[in-house]
>>> print(open('protein_0.tsv').read())   # TSV, C-alpha atoms and all ligand atoms
chain	number	residue	atom	x	y	z
U	30	MET	CA	3.63	-29.91	-23.41
U	31	SER	CA	7.06	-28.40	-24.25
U	32	SER	CA	7.77	-24.88	-23.07
U	33	ASN	CA	7.91	-23.80	-26.73
U	34	GLN	CA	4.40	-25.12	-27.39
U	35	ALA	CA	3.23	-23.52	-24.14
U	36	SER	CA	4.61	-20.13	-25.21
U	37	GLN	CA	2.52	-20.36	-28.41
U	38	GLN	CA	-0.74	-21.01	-26.59
U	39	THR	CA	-3.18	-18.14	-26.32
U	40	TRP	CA	-6.31	-18.03	-24.17
U	41	LEU	CA	-8.96	-15.96	-25.92
U	42	PRO	CA	-11.90	-14.20	-24.23
U	43	GLY	CA	-14.45	-16.82	-23.17
U	44	SER	CA	-11.74	-18.85	-21.38
U	45	THR	CA	-11.92	-19.34	-17.62
U	46	ILE	CA	-9.08	-17.94	-15.53
U	47	GLY	CA	-8.47	-19.45	-12.10
U	48	ILE	CA	-6.96	-17.16	-9.47
U	49	LEU	CA	-5.14	-18.48	-6.45
U	50	GLY	CA	-6.12	-15.93	-3.79
U	51	GLY	CA	-9.33	-13.95	-3.50
U	52	GLY	CA	-8.24	-10.56	-2.16
U	53	GLN	CA	-8.54	-7.14	-3.75
U	54	LEU	CA	-5.91	-7.85	-6.41
U	55	GLY	CA	-7.86	-10.89	-7.60
U	56	ARG	CA	-11.08	-8.87	-7.46
U	57	MET	CA	-9.73	-6.07	-9.66
U	58	MET	CA	-8.16	-8.62	-12.02
U	59	ALA	CA	-11.53	-10.36	-12.36
U	60	LEU	CA	-13.38	-7.06	-12.87
U	61	ALA	CA	-10.99	-6.03	-15.67
U	62	GLY	CA	-10.93	-9.49	-17.27
U	63	THR	CA	-14.72	-9.93	-17.06
U	64	ALA	CA	-15.13	-6.74	-19.09
U	65	MET	CA	-12.89	-8.39	-21.72
U	66	GLY	CA	-15.12	-11.50	-21.81
U	67	TYR	CA	-13.15	-13.88	-19.57
U	68	ARG	CA	-14.68	-15.90	-16.74
U	69	PHE	CA	-13.07	-16.19	-13.31
U	70	ILE	CA	-12.94	-18.59	-10.40
U	71	THR	CA	-10.91	-18.00	-7.25
U	72	LEU	CA	-9.61	-20.26	-4.49
U	73	ASP	CA	-9.68	-18.52	-1.11
U	74	PRO	CA	-10.49	-19.60	2.46
U	75	THR	CA	-12.51	-16.45	3.27
U	76	GLN	CA	-16.25	-16.75	2.83
U	77	ASP	CA	-17.51	-14.06	0.41
U	78	SER	CA	-13.94	-12.95	-0.38
U	79	PRO	CA	-13.39	-9.68	-2.29
U	80	CYS	CA	-12.79	-11.68	-5.48
U	81	GLY	CA	-15.49	-14.27	-4.71
U	82	GLN	CA	-18.03	-11.42	-4.77
U	83	VAL	CA	-17.35	-10.90	-8.49
U	84	ALA	CA	-16.30	-14.43	-9.59
U	85	GLY	CA	-16.89	-18.10	-8.74
U	86	GLN	CA	-15.16	-19.22	-5.54
U	87	ILE	CA	-13.81	-22.48	-4.14
U	88	GLU	CA	-13.76	-21.87	-0.40
U	89	ALA	CA	-10.69	-23.69	0.93
U	90	ALA	CA	-7.22	-23.15	2.35
U	91	TYR	CA	-4.46	-22.14	-0.08
U	92	ASP	CA	-2.51	-25.31	0.67
U	93	ASP	CA	-5.52	-27.64	0.23
U	94	VAL	CA	-4.31	-29.88	-2.60
U	95	ASP	CA	-7.78	-31.29	-3.30
U	96	ALA	CA	-9.22	-27.81	-3.66
U	97	ALA	CA	-6.33	-26.82	-5.94
U	98	ARG	CA	-7.17	-29.85	-8.09
U	99	ARG	CA	-10.80	-28.60	-8.33
U	100	LEU	CA	-9.53	-25.15	-9.31
U	101	ALA	CA	-7.35	-26.70	-12.02
U	102	ALA	CA	-10.30	-28.72	-13.35
U	103	ALA	CA	-12.51	-25.62	-13.52
U	104	SER	CA	-9.93	-23.33	-15.18
U	105	ASP	CA	-8.35	-23.12	-18.63
U	106	VAL	CA	-5.44	-21.10	-17.26
U	107	ILE	CA	-4.29	-20.19	-13.77
U	108	THR	CA	-2.69	-17.14	-12.16
U	109	TYR	CA	-2.12	-16.02	-8.58
U	110	GLU	CA	-2.52	-12.75	-6.69
U	111	PHE	CA	0.01	-13.28	-3.86
U	112	GLU	CA	3.56	-14.60	-3.62
U	113	ASN	CA	3.43	-17.17	-0.86
U	114	VAL	CA	1.94	-19.91	-2.99
U	115	ASP	CA	2.46	-23.35	-1.44
U	116	ALA	CA	5.13	-25.27	-3.44
U	117	GLU	CA	3.08	-28.50	-3.58
U	118	VAL	CA	0.01	-26.64	-4.83
U	119	ALA	CA	2.07	-24.76	-7.44
U	120	ALA	CA	3.50	-28.06	-8.76
U	121	LEU	CA	0.05	-29.66	-8.91
U	122	LEU	CA	-1.51	-26.71	-10.76
U	123	GLU	CA	1.31	-26.71	-13.32
U	124	LYS	CA	0.79	-30.43	-13.92
U	125	GLU	CA	-3.01	-30.43	-14.06
U	126	SER	CA	-3.70	-27.09	-15.67
U	127	SER	CA	-1.74	-24.29	-17.37
U	128	VAL	CA	0.23	-21.79	-15.31
U	129	PRO	CA	2.00	-19.58	-17.88
U	130	GLN	CA	3.78	-17.70	-15.09
U	131	GLY	CA	5.40	-20.93	-13.87
U	132	SER	CA	6.73	-21.11	-10.33
U	133	ALA	CA	10.44	-20.23	-10.72
U	134	LEU	CA	9.90	-16.49	-10.25
U	135	LEU	CA	7.64	-17.12	-7.24
U	136	TYR	CA	10.44	-19.18	-5.70
U	137	THR	CA	12.90	-16.33	-6.33
U	138	THR	CA	10.72	-13.55	-4.93
U	139	GLN	CA	9.67	-15.53	-1.83
U	140	HIS	CA	13.15	-15.01	-0.39
U	141	ARG	CA	15.02	-11.67	-0.18
U	142	LEU	CA	18.49	-13.18	-0.67
U	143	ARG	CA	17.49	-15.20	-3.72
U	144	GLU	CA	15.69	-12.13	-5.05
U	145	LYS	CA	18.71	-9.82	-4.60
U	146	ARG	CA	21.01	-12.31	-6.31
U	147	ALA	CA	18.60	-12.61	-9.25
U	148	ILE	CA	18.36	-8.81	-9.57
U	149	GLU	CA	22.16	-8.49	-9.55
U	150	ALA	CA	22.45	-11.28	-12.15
U	151	ALA	CA	20.16	-9.18	-14.40
U	152	GLY	CA	22.71	-6.35	-14.14
U	153	VAL	CA	20.38	-4.22	-11.99
U	154	PRO	CA	21.67	-2.54	-8.79
U	155	VAL	CA	20.46	-3.36	-5.26
U	156	ALA	CA	21.57	-1.68	-2.01
U	157	PRO	CA	24.74	-3.32	-0.61
U	158	TYR	CA	23.76	-6.30	1.59
U	159	ARG	CA	25.16	-9.28	3.48
U	160	GLU	CA	23.66	-12.61	4.43
U	161	ILE	CA	23.54	-12.88	8.24
U	162	THR	CA	23.98	-16.29	9.86
U	163	SER	CA	25.09	-15.35	13.41
U	164	LEU	CA	25.52	-12.38	15.73
U	165	GLU	CA	29.21	-12.46	14.81
U	166	SER	CA	28.40	-12.20	11.08
U	167	LEU	CA	26.02	-9.31	11.83
U	168	ARG	CA	28.84	-7.48	13.64
U	169	GLU	CA	31.21	-8.06	10.71
U	170	ALA	CA	28.61	-7.01	8.13
U	171	ALA	CA	27.73	-3.85	10.10
U	172	ALA	CA	31.44	-2.95	10.20
U	173	GLU	CA	31.84	-3.60	6.46
U	174	LEU	CA	28.69	-1.86	5.22
U	175	GLY	CA	28.62	0.82	7.92
U	176	LEU	CA	25.56	1.88	9.94
U	177	PRO	CA	22.74	2.77	9.66
U	178	GLY	CA	21.53	-0.48	8.19
U	179	VAL	CA	18.29	-2.45	8.02
U	180	LEU	CA	18.18	-6.01	9.37
U	181	LYS	CA	15.42	-7.98	7.65
U	182	THR	CA	14.08	-11.52	7.67
U	183	ALA	CA	14.62	-13.12	4.26
U	184	THR	CA	11.07	-14.48	4.19
U	185	GLY	CA	7.67	-13.59	5.58
U	186	GLY	CA	8.08	-9.80	5.98
U	187	TYR	CA	5.65	-7.31	4.48
U	188	ASP	CA	4.64	-3.69	5.12
U	189	GLY	CA	7.81	-3.18	7.20
U	190	LYS	CA	7.19	-6.22	9.42
U	191	GLY	CA	10.23	-8.40	10.16
U	192	GLN	CA	12.73	-5.57	9.89
U	193	ILE	CA	14.68	-3.35	12.27
U	194	VAL	CA	16.67	-0.20	11.48
U	195	LEU	CA	20.09	-0.33	13.17
U	196	ARG	CA	21.65	3.02	13.97
U	197	SER	CA	24.37	2.08	16.46
U	198	GLU	CA	26.46	-0.95	17.38
U	199	ASP	CA	24.81	-1.39	20.76
U	200	GLN	CA	21.52	-2.23	18.99
U	201	LEU	CA	22.97	-5.22	17.13
U	202	GLU	CA	22.55	-7.90	19.78
U	203	THR	CA	18.91	-7.22	20.71
U	204	ALA	CA	17.90	-6.77	17.07
U	205	TYR	CA	19.65	-10.00	16.12
U	206	GLU	CA	17.97	-11.90	18.96
U	207	GLU	CA	14.55	-10.53	18.07
U	208	LEU	CA	14.71	-11.47	14.39
U	209	ALA	CA	16.69	-14.71	14.85
U	210	ALA	CA	13.88	-15.85	17.17
U	211	THR	CA	11.58	-15.98	14.13
U	212	GLY	CA	13.72	-18.91	12.92
U	213	ARG	CA	14.05	-17.23	9.52
U	214	GLU	CA	17.21	-16.43	7.57
U	215	LEU	CA	18.38	-12.83	7.88
U	216	VAL	CA	19.90	-10.17	5.67
U	217	LEU	CA	21.52	-6.84	6.52
U	218	GLU	CA	21.10	-4.02	4.01
U	219	LYS	CA	22.86	-0.71	3.96
U	220	PHE	CA	20.37	2.05	4.80
U	221	VAL	CA	19.73	4.04	1.63
U	222	ASP	CA	19.41	7.77	2.28
U	223	PHE	CA	16.81	8.12	-0.46
U	224	GLN	CA	15.32	11.21	-2.07
U	225	CYS	CA	12.16	9.23	-2.75
U	226	GLU	CA	10.75	5.76	-3.37
U	227	ILE	CA	9.39	4.86	-6.79
U	228	SER	CA	8.03	1.80	-8.51
U	229	VAL	CA	7.61	0.58	-12.06
U	230	ILE	CA	5.27	-2.17	-13.14
U	231	ALA	CA	6.42	-4.07	-16.20
U	232	ALA	CA	4.63	-6.82	-18.11
U	233	ARG	CA	5.91	-9.62	-20.30
U	234	SER	CA	3.88	-12.11	-22.32
U	235	PRO	CA	4.99	-15.68	-23.15
U	236	LYS	CA	5.63	-14.46	-26.72
U	237	GLY	CA	8.25	-12.13	-25.22
U	238	GLU	CA	6.46	-8.80	-25.67
U	239	VAL	CA	7.48	-6.34	-22.91
U	240	LYS	CA	5.89	-3.04	-21.78
U	241	SER	CA	6.25	-0.92	-18.66
U	242	PHE	CA	3.91	1.57	-16.99
U	243	PRO	CA	4.90	5.14	-16.07
U	244	VAL	CA	6.91	5.57	-12.85
U	245	ALA	CA	4.94	6.03	-9.60
U	246	GLU	CA	6.39	8.02	-6.70
U	247	ASN	CA	5.32	6.28	-3.51
U	248	ILE	CA	4.86	7.76	-0.06
U	249	HIS	CA	4.52	5.36	2.87
U	250	VAL	CA	3.11	6.11	6.32
U	251	ASN	CA	3.98	3.59	9.06
U	252	ASN	CA	5.50	1.41	6.31
U	253	ILE	CA	2.15	1.14	4.48
U	254	LEU	CA	1.68	2.72	1.08
U	255	HIS	CA	-0.25	5.98	1.52
U	256	LEU	CA	0.10	7.81	-1.81
U	257	SER	CA	1.26	7.07	-5.34
U	258	ILE	CA	1.98	10.20	-7.36
U	259	VAL	CA	2.19	10.02	-11.16
U	260	PRO	CA	4.09	11.50	-12.93
U	261	ALA	CA	6.74	10.95	-10.24
U	262	ARG	CA	8.48	14.15	-9.19
U	263	VAL	CA	11.93	12.98	-10.31
U	264	GLU	CA	13.97	13.91	-13.36
U	265	GLU	CA	12.90	12.55	-16.75
U	266	GLN	CA	16.23	10.84	-17.15
U	267	VAL	CA	15.76	8.95	-13.84
U	268	GLN	CA	12.27	7.90	-14.94
U	269	ARG	CA	13.59	6.58	-18.24
U	270	GLU	CA	16.32	4.66	-16.42
U	271	ALA	CA	13.80	3.19	-13.93
U	272	ARG	CA	11.58	1.89	-16.74
U	273	LYS	CA	14.60	0.53	-18.56
U	274	LEU	CA	15.71	-1.39	-15.43
U	275	ALA	CA	12.22	-2.83	-14.87
U	276	GLU	CA	12.04	-3.98	-18.50
U	277	GLN	CA	15.54	-5.44	-18.22
U	278	LEU	CA	14.40	-7.39	-15.15
U	279	VAL	CA	11.31	-8.96	-16.75
U	280	GLU	CA	13.35	-9.90	-19.83
U	281	HIS	CA	16.19	-11.37	-17.85
U	282	LEU	CA	13.94	-13.24	-15.42
U	283	GLY	CA	11.75	-14.47	-18.28
U	284	ALA	CA	8.75	-13.27	-16.27
U	285	VAL	CA	5.20	-13.77	-17.54
U	286	GLY	CA	2.47	-11.43	-16.32
U	287	LEU	CA	3.28	-8.39	-14.20
U	288	LEU	CA	6.39	-7.67	-12.20
U	289	ALA	CA	6.25	-4.74	-9.77
U	290	VAL	CA	9.70	-3.27	-9.14
U	291	GLU	CA	10.15	-1.05	-6.07
U	292	MET	CA	13.19	1.22	-6.12
U	293	PHE	CA	14.96	3.86	-4.06
U	294	VAL	CA	16.14	7.07	-5.76
U	295	THR	CA	19.18	8.54	-3.99
U	296	LYS	CA	19.79	12.30	-3.82
U	297	ASP	CA	22.20	12.05	-6.77
U	298	GLY	CA	19.70	10.14	-8.90
U	299	GLN	CA	21.14	6.65	-8.43
U	300	LEU	CA	18.57	3.81	-8.45
U	301	TYR	CA	18.57	0.72	-6.22
U	302	VAL	CA	15.92	-1.98	-6.50
U	303	ASN	CA	14.44	-2.79	-3.09
U	304	GLU	CA	11.81	-5.44	-3.80
U	305	LEU	CA	10.01	-7.32	-6.54
U	306	ALA	CA	6.45	-8.62	-6.65
U	307	PRO	CA	5.36	-10.92	-9.51
U	308	ARG	CA	1.74	-9.69	-9.53
U	309	PRO	CA	-0.38	-6.53	-9.70
U	310	HIS	CA	0.77	-4.07	-7.06
U	311	ASN	CA	-0.85	-1.43	-4.86
U	312	SER	CA	1.40	1.23	-6.43
U	313	GLY	CA	-0.11	0.35	-9.84
U	314	HIS	CA	-3.74	1.00	-8.87
U	315	TYR	CA	-3.43	4.48	-10.39
U	316	THR	CA	-3.43	2.85	-13.86
U	317	MET	CA	-7.14	1.92	-13.49
U	318	GLU	CA	-8.37	5.28	-14.77
U	319	ALA	CA	-5.15	7.12	-15.52
U	320	CYS	CA	-3.63	4.84	-18.17
U	321	ALA	CA	-4.89	3.59	-21.52
U	322	THR	CA	-4.66	0.04	-20.08
U	323	SER	CA	-4.90	-0.82	-16.37
U	324	GLN	CA	-2.34	-3.06	-14.68
U	325	PHE	CA	-5.11	-5.64	-14.17
U	326	GLU	CA	-6.07	-5.76	-17.86
U	327	GLN	CA	-2.36	-5.94	-18.71
U	328	HIS	CA	-1.86	-8.86	-16.36
U	329	VAL	CA	-4.76	-10.77	-17.93
U	330	ARG	CA	-3.43	-9.96	-21.41
U	331	ALA	CA	0.08	-11.12	-20.52
U	332	VAL	CA	-0.97	-14.36	-18.82
U	333	CYS	CA	-3.32	-15.20	-21.71
U	334	ASN	CA	-0.59	-14.42	-24.29
U	335	MET	CA	-2.71	-11.66	-25.85
U	336	PRO	CA	-1.06	-8.55	-27.31
U	337	LEU	CA	-0.11	-6.19	-24.47
U	338	GLY	CA	-2.08	-2.95	-24.07
U	339	ASP	CA	-0.86	0.63	-24.47
U	340	THR	CA	0.52	1.97	-21.16
U	341	THR	CA	0.30	5.69	-21.98
U	342	LEU	CA	-0.56	7.96	-19.03
U	343	LEU	CA	-3.78	9.83	-19.90
U	344	THR	CA	-3.80	12.26	-16.96
U	345	PRO	CA	-1.77	13.17	-13.87
U	346	VAL	CA	-3.07	11.19	-10.90
U	347	VAL	CA	-2.66	10.74	-7.16
U	348	MET	CA	-3.74	7.40	-5.65
U	349	VAL	CA	-4.57	7.50	-1.95
U	350	ASN	CA	-5.15	4.29	0.01
U	351	VAL	CA	-8.25	3.89	2.15
U	352	LEU	CA	-7.34	1.95	5.30
U	353	GLY	CA	-9.70	0.69	7.98
U	354	GLN	CA	-9.39	3.91	9.99
U	355	HIS	CA	-10.36	6.02	6.92
U	356	LEU	CA	-13.28	3.96	5.63
U	357	GLU	CA	-16.22	5.46	7.47
U	358	GLN	CA	-15.23	9.03	6.70
U	359	VAL	CA	-14.50	8.20	3.05
U	360	ILE	CA	-17.92	6.59	2.62
U	361	ARG	CA	-19.64	9.56	4.26
U	362	ALA	CA	-17.59	12.05	2.21
U	363	SER	CA	-18.32	10.22	-1.05
U	364	GLY	CA	-21.95	11.29	-0.71
U	365	ARG	CA	-21.02	14.98	-0.47
U	366	PRO	CA	-20.76	16.89	-3.74
U	367	SER	CA	-18.04	19.14	-2.33
U	368	ILE	CA	-15.77	16.11	-2.00
U	369	ALA	CA	-16.96	14.25	-5.08
U	370	VAL	CA	-15.80	17.07	-7.35
U	371	THR	CA	-13.96	19.83	-5.59
U	372	GLU	CA	-12.87	23.33	-6.35
U	373	TYR	CA	-9.45	21.74	-6.81
U	374	GLY	CA	-10.59	20.46	-10.20
U	375	VAL	CA	-9.96	16.90	-9.08
U	376	VAL	CA	-12.04	13.93	-10.23
U	377	PRO	CA	-11.97	11.30	-7.44
U	378	LYS	CA	-12.61	7.68	-8.46
U	379	LEU	CA	-13.41	5.54	-5.44
U	380	HIS	CA	-12.68	1.79	-5.40
U	381	LEU	CA	-13.76	-0.30	-2.39
U	382	TYR	CA	-12.82	-3.94	-1.99
U	383	GLY	CA	-15.92	-5.35	-0.30
U	384	LYS	CA	-14.16	-6.43	2.90
U	385	SER	CA	-16.56	-6.77	5.83
U	386	ASP	CA	-13.93	-7.00	8.55
U	387	VAL	CA	-12.78	-3.41	9.08
U	388	LYS	CA	-9.46	-3.13	10.95
U	389	LYS	CA	-6.94	-0.38	11.52
U	390	ASP	CA	-4.30	-0.37	8.76
U	391	ARG	CA	-6.21	-2.95	6.67
U	392	LYS	CA	-6.44	-1.97	3.00
U	393	MET	CA	-10.16	-1.41	2.36
U	394	GLY	CA	-10.00	0.55	-0.90
U	395	HIS	CA	-8.30	3.39	-2.71
U	396	ILE	CA	-9.19	6.61	-4.51
U	397	ASN	CA	-7.64	7.63	-7.80
U	398	LEU	CA	-7.62	11.42	-7.97
U	399	LEU	CA	-7.48	12.44	-11.60
U	400	CYS	CA	-6.12	15.97	-11.82
U	401	LYS	CA	-4.47	18.57	-14.03
U	402	ASP	CA	-1.44	18.73	-11.77
U	403	VAL	CA	-0.46	16.25	-9.04
U	404	GLN	CA	-0.28	19.12	-6.53
U	405	ASP	CA	-4.08	19.52	-6.90
U	406	GLY	CA	-4.54	15.86	-5.94
U	407	LEU	CA	-2.22	16.27	-2.95
U	408	ASP	CA	-4.14	19.41	-1.86
U	409	TRP	CA	-7.40	17.43	-2.10
U	410	VAL	CA	-6.02	14.77	0.26
U	411	GLU	CA	-4.96	17.49	2.73
U	412	GLN	CA	-8.22	19.40	2.45
U	413	THR	CA	-10.47	16.43	3.29
U	414	ASN	CA	-8.73	15.98	6.67
U	415	ILE	CA	-9.41	12.24	6.47
U	416	TRP	CA	-5.75	11.18	6.32
U	417	ARG	CA	-4.40	13.60	8.94
U	418	GLN	CA	-4.15	10.96	11.66
U	419	GLY	CA	-2.03	8.59	9.56
G	501	LIG	P1	10.43	-3.45	2.45
G	501	LIG	O1	9.65	-4.38	3.33
G	501	LIG	O2	11.77	-3.98	2.07
G	501	LIG	O3	9.64	-2.96	1.27
G	501	LIG	O4	10.69	-2.15	3.34
G	501	LIG	C1	9.64	-1.33	3.82
G	501	LIG	C2	10.09	0.12	3.83
G	501	LIG	O5	11.22	0.29	4.71
G	501	LIG	C3	10.57	0.63	2.47
G	501	LIG	O6	9.50	1.06	1.68
G	501	LIG	C4	11.49	1.77	2.89
G	501	LIG	O7	10.75	2.93	3.21
G	501	LIG	C5	12.13	1.26	4.17
G	501	LIG	N1	13.40	0.56	3.84
G	501	LIG	C6	13.55	-0.76	3.60
G	501	LIG	N2	14.84	-1.07	3.30
G	501	LIG	C7	15.52	0.09	3.35
G	501	LIG	C8	16.90	0.45	3.13
G	501	LIG	N3	17.84	-0.47	2.82
G	501	LIG	N4	17.23	1.76	3.26
G	501	LIG	C9	16.30	2.69	3.60
G	501	LIG	N5	15.01	2.42	3.82
G	501	LIG	C10	14.60	1.14	3.71
>>> encode(input="protein_0.tsv", output="structure tokens")
Amino acid sequence: MSSNQASQQTWLPGSTIGILGGGQLGRMMALAGTAMGYRFITLDPTQDSPCGQVAGQIEAAYDDVDAARRLAAASDVITYEFENVDAEVAALLEKESSVPQGSALLYTTQHRLREKRAIEAAGVPVAPYREITSLESLREAAAELGLPGVLKTATGGYDGKGQIVLRSEDQLETAYEELAATGRELVLEKFVDFQCEISVIAARSPKGEVKSFPVAENIHVNNILHLSIVPARVEEQVQREARKLAEQLVEHLGAVGLLAVEMFVTKDGQLYVNELAPRPHNSGHYTMEACATSQFEQHVRAVCNMPLGDTTLLTPVVMVNVLGQHLEQVIRASGRPSIAVTEYGVVPKLHLYGKSDVKKDRKMGHINLLCKDVQDGLDWVEQTNIWRQG
């Protein structure tokens, strides 16, 4: 099928959507799409995966080509919920089924250097960076960009793993040795003295329709997302610019489905893109109750070439992540009326992902706190005491 024919194809409700990956993102995609009348099947190695609890599941490794073939046979259209899709599996799925998202953007976002070059080619700013190929090149790059800087592996890093902040020259050698030992390519970025971190999720359909969601202000604790605050507490003009950049990126990259764009806002309001993710994103969970269309519904709409949904924000909201260390207290508190609806005038909406293996720092769920003012949501988080320990 030619790409032009492919861009005309629409998958109406009643079609079966295959999801590579069965984690919480797949689960929430399937929940949103099931309400629209779609059917779902996921491929995931975990028995009773979060997505498998609400959809059909093929229990196999992500790089199991035979299992991928079974997924293709069972699905009208295929999407994925994580970036590190095996190249052989991606090629097979494209050949034997329909993958409107293609694999080019996956290839780009699997590697920080490729990603930064693609962002720059779209005319969107990234923090100054250098490719690092030796200790000597790290020394040169540190001298050129100036310290502090952040040395990162080009692949395989997430939630702050595979990166080291460099504050002085005498740290260069040990940091280089530590990250070079991973065998991965490296990149040095200038440290951005940011006012805050924000993200915008934009969607594009094969027809070329583009829409972005309101800007989220993101607060991380130990490099893991803790809070998303919407509306973000940055100037209107910066918010408009951030949405414009995200839309420019999806257009330029020819993305299909969602693209999450994480950015730094400097003290003088300059924006730098830090990272892209071609999928629903933790910082977009707030859309589930706070926007006219959730990011998950939007992703299904975009992949299926349906008209995109309205992204209007219906209420201020604070999203707080529930990690392994918070789960027990959150479950206990959810049964107490004083927490369920507080004197803060906050309406908490709890989402749990059905993971049986509870571990520290593992994402187990989130709560969307619908409020009149984001400060009320932030006060609610403080008042419960659950998140005090990090
Ligand atoms: P990343 O894995 O690139 O998303 O980085 C994880 C976190 O490290 C980011 O959310 C930032 O808080 C911080 N960080 C990463 N790169 C930089 C940078 N160049 N300047 C300042 N902080 C950074």
>>> atom_distance(input="protein_0.tsv", atom1="CA of Glu280 (chain U)", atom2="CA of Tyr91 (chain U)")
29.3 Å
>>> residues_near_ligand(input="protein_0.tsv", ligand="ligand LIG 501 (chain G)", cutoff="9 Å", atoms="all atoms listed in the file", output="PDB file with C-alpha atoms, in the coordinates of the input")
ATOM      1  CA  ARG U 141      15.020 -11.670  -0.180  1.00  0.00           C
ATOM      2  CA  VAL U 155      20.460  -3.360  -5.260  1.00  0.00           C
ATOM      3  CA  ALA U 156      21.570  -1.680  -2.010  1.00  0.00           C
ATOM      4  CA  PRO U 157      24.740  -3.320  -0.610  1.00  0.00           C
ATOM      5  CA  TYR U 158      23.760  -6.300   1.590  1.00  0.00           C
ATOM      6  CA  PRO U 177      22.740   2.770   9.660  1.00  0.00           C
ATOM      7  CA  GLY U 178      21.530  -0.480   8.190  1.00  0.00           C
ATOM      8  CA  VAL U 179      18.290  -2.450   8.020  1.00  0.00           C
ATOM      9  CA  LEU U 180      18.180  -6.010   9.370  1.00  0.00           C
ATOM     10  CA  LYS U 181      15.420  -7.980   7.650  1.00  0.00           C
ATOM     11  CA  GLY U 186       8.080  -9.800   5.980  1.00  0.00           C
ATOM     12  CA  TYR U 187       5.650  -7.310   4.480  1.00  0.00           C
ATOM     13  CA  ASP U 188       4.640  -3.690   5.120  1.00  0.00           C
ATOM     14  CA  GLY U 189       7.810  -3.180   7.200  1.00  0.00           C
ATOM     15  CA  LYS U 190       7.190  -6.220   9.420  1.00  0.00           C
ATOM     16  CA  GLY U 191      10.230  -8.400  10.160  1.00  0.00           C
ATOM     17  CA  GLN U 192      12.730  -5.570   9.890  1.00  0.00           C
ATOM     18  CA  VAL U 194      16.670  -0.200  11.480  1.00  0.00           C
ATOM     19  CA  LEU U 217      21.520  -6.840   6.520  1.00  0.00           C
ATOM     20  CA  GLU U 218      21.100  -4.020   4.010  1.00  0.00           C
ATOM     21  CA  LYS U 219      22.860  -0.710   3.960  1.00  0.00           C
ATOM     22  CA  PHE U 220      20.370   2.050   4.800  1.00  0.00           C
ATOM     23  CA  VAL U 221      19.730   4.040   1.630  1.00  0.00           C
ATOM     24  CA  ASP U 222      19.410   7.770   2.280  1.00  0.00           C
ATOM     25  CA  PHE U 223      16.810   8.120  -0.460  1.00  0.00           C
ATOM     26  CA  CYS U 225      12.160   9.230  -2.750  1.00  0.00           C
ATOM     27  CA  GLU U 226      10.750   5.760  -3.370  1.00  0.00           C
ATOM     28  CA  ASN U 247       5.320   6.280  -3.510  1.00  0.00           C
ATOM     29  CA  ILE U 248       4.860   7.760  -0.060  1.00  0.00           C
ATOM     30  CA  HIS U 249       4.520   5.360   2.870  1.00  0.00           C
ATOM     31  CA  VAL U 250       3.110   6.110   6.320  1.00  0.00           C
ATOM     32  CA  ASN U 251       3.980   3.590   9.060  1.00  0.00           C
ATOM     33  CA  ASN U 252       5.500   1.410   6.310  1.00  0.00           C
ATOM     34  CA  ILE U 253       2.150   1.140   4.480  1.00  0.00           C
ATOM     35  CA  LEU U 254       1.680   2.720   1.080  1.00  0.00           C
ATOM     36  CA  GLU U 291      10.150  -1.050  -6.070  1.00  0.00           C
ATOM     37  CA  MET U 292      13.190   1.220  -6.120  1.00  0.00           C
ATOM     38  CA  PHE U 293      14.960   3.860  -4.060  1.00  0.00           C
ATOM     39  CA  ASN U 303      14.440  -2.790  -3.090  1.00  0.00           C
ATOM     40  CA  GLU U 304      11.810  -5.440  -3.800  1.00  0.00           C
ATOM     41  CA  LEU U 305      10.010  -7.320  -6.540  1.00  0.00           C
TER      42      LEU U 305
END
>>> residues_around(input="protein_0.tsv", residues="region 116-128 of chain U", least_positions_apart="2", cutoff="10 Å", atoms="all atoms listed in the file", output="PyMOL selection string")
chain U and resi 30+35+38+46-47+49+91-109+113-114+130-132+135-136+285+332-333
>>> residues_near_point(input="protein_0.tsv", point="(-13.1, 2.9, 4.1)", cutoff="8 Å", atoms="all atoms listed in the file", output="PyMOL selection string")
chain U and resi 351-360+381+393-394
>>> residues_around(input="protein_0.tsv", residues="His380 (chain U)", least_positions_apart="6", cutoff="12 Å", atoms="only C-alpha atoms", output="PyMOL selection string")
chain U and resi 53-54+56-57+60+79+314-315+317-318+348-352+356+359-360+363+392-398
>>> closest_residue(input="protein_0.tsv", among="U:Gly283, U:Ser163, U:Thr344, U:Glu238", to="Ala210 (chain U)", atoms="all atoms listed in the file")
U:Ser163
>>> atom_distance(input="protein_0.tsv", atom1="CA of Ala275 (chain U)", atom2="CA of Pro42 (chain U)")
28.3 Å
>>> residues_around(input="protein_0.tsv", residues="Arg272 (chain U)", least_positions_apart="5", cutoff="9 Å", atoms="only C-alpha atoms", output="ChimeraX atom specification")
/U:228-231,241-244,267,277
>>> write_last_selection(input="protein_0.tsv", atoms="C-alpha atoms", output="compact mmCIF listing (two decimals), in the frame of the given file")
# COMPACT_ATOMS: atom_id res chain seq x y z
CA SER U 228 8.03 1.80 -8.51
CA VAL U 229 7.61 0.58 -12.06
CA ILE U 230 5.27 -2.17 -13.14
CA ALA U 231 6.42 -4.07 -16.20
CA SER U 241 6.25 -0.92 -18.66
CA PHE U 242 3.91 1.57 -16.99
CA PRO U 243 4.90 5.14 -16.07
CA VAL U 244 6.91 5.57 -12.85
CA VAL U 267 15.76 8.95 -13.84
CA GLN U 277 15.54 -5.44 -18.22
>>> closest_residue(input="protein_0.tsv", among="U:Val387, U:Val259, U:Val375, U:Val216", to="Val346 (chain U)", atoms="only C-alpha atoms")
U:Val259
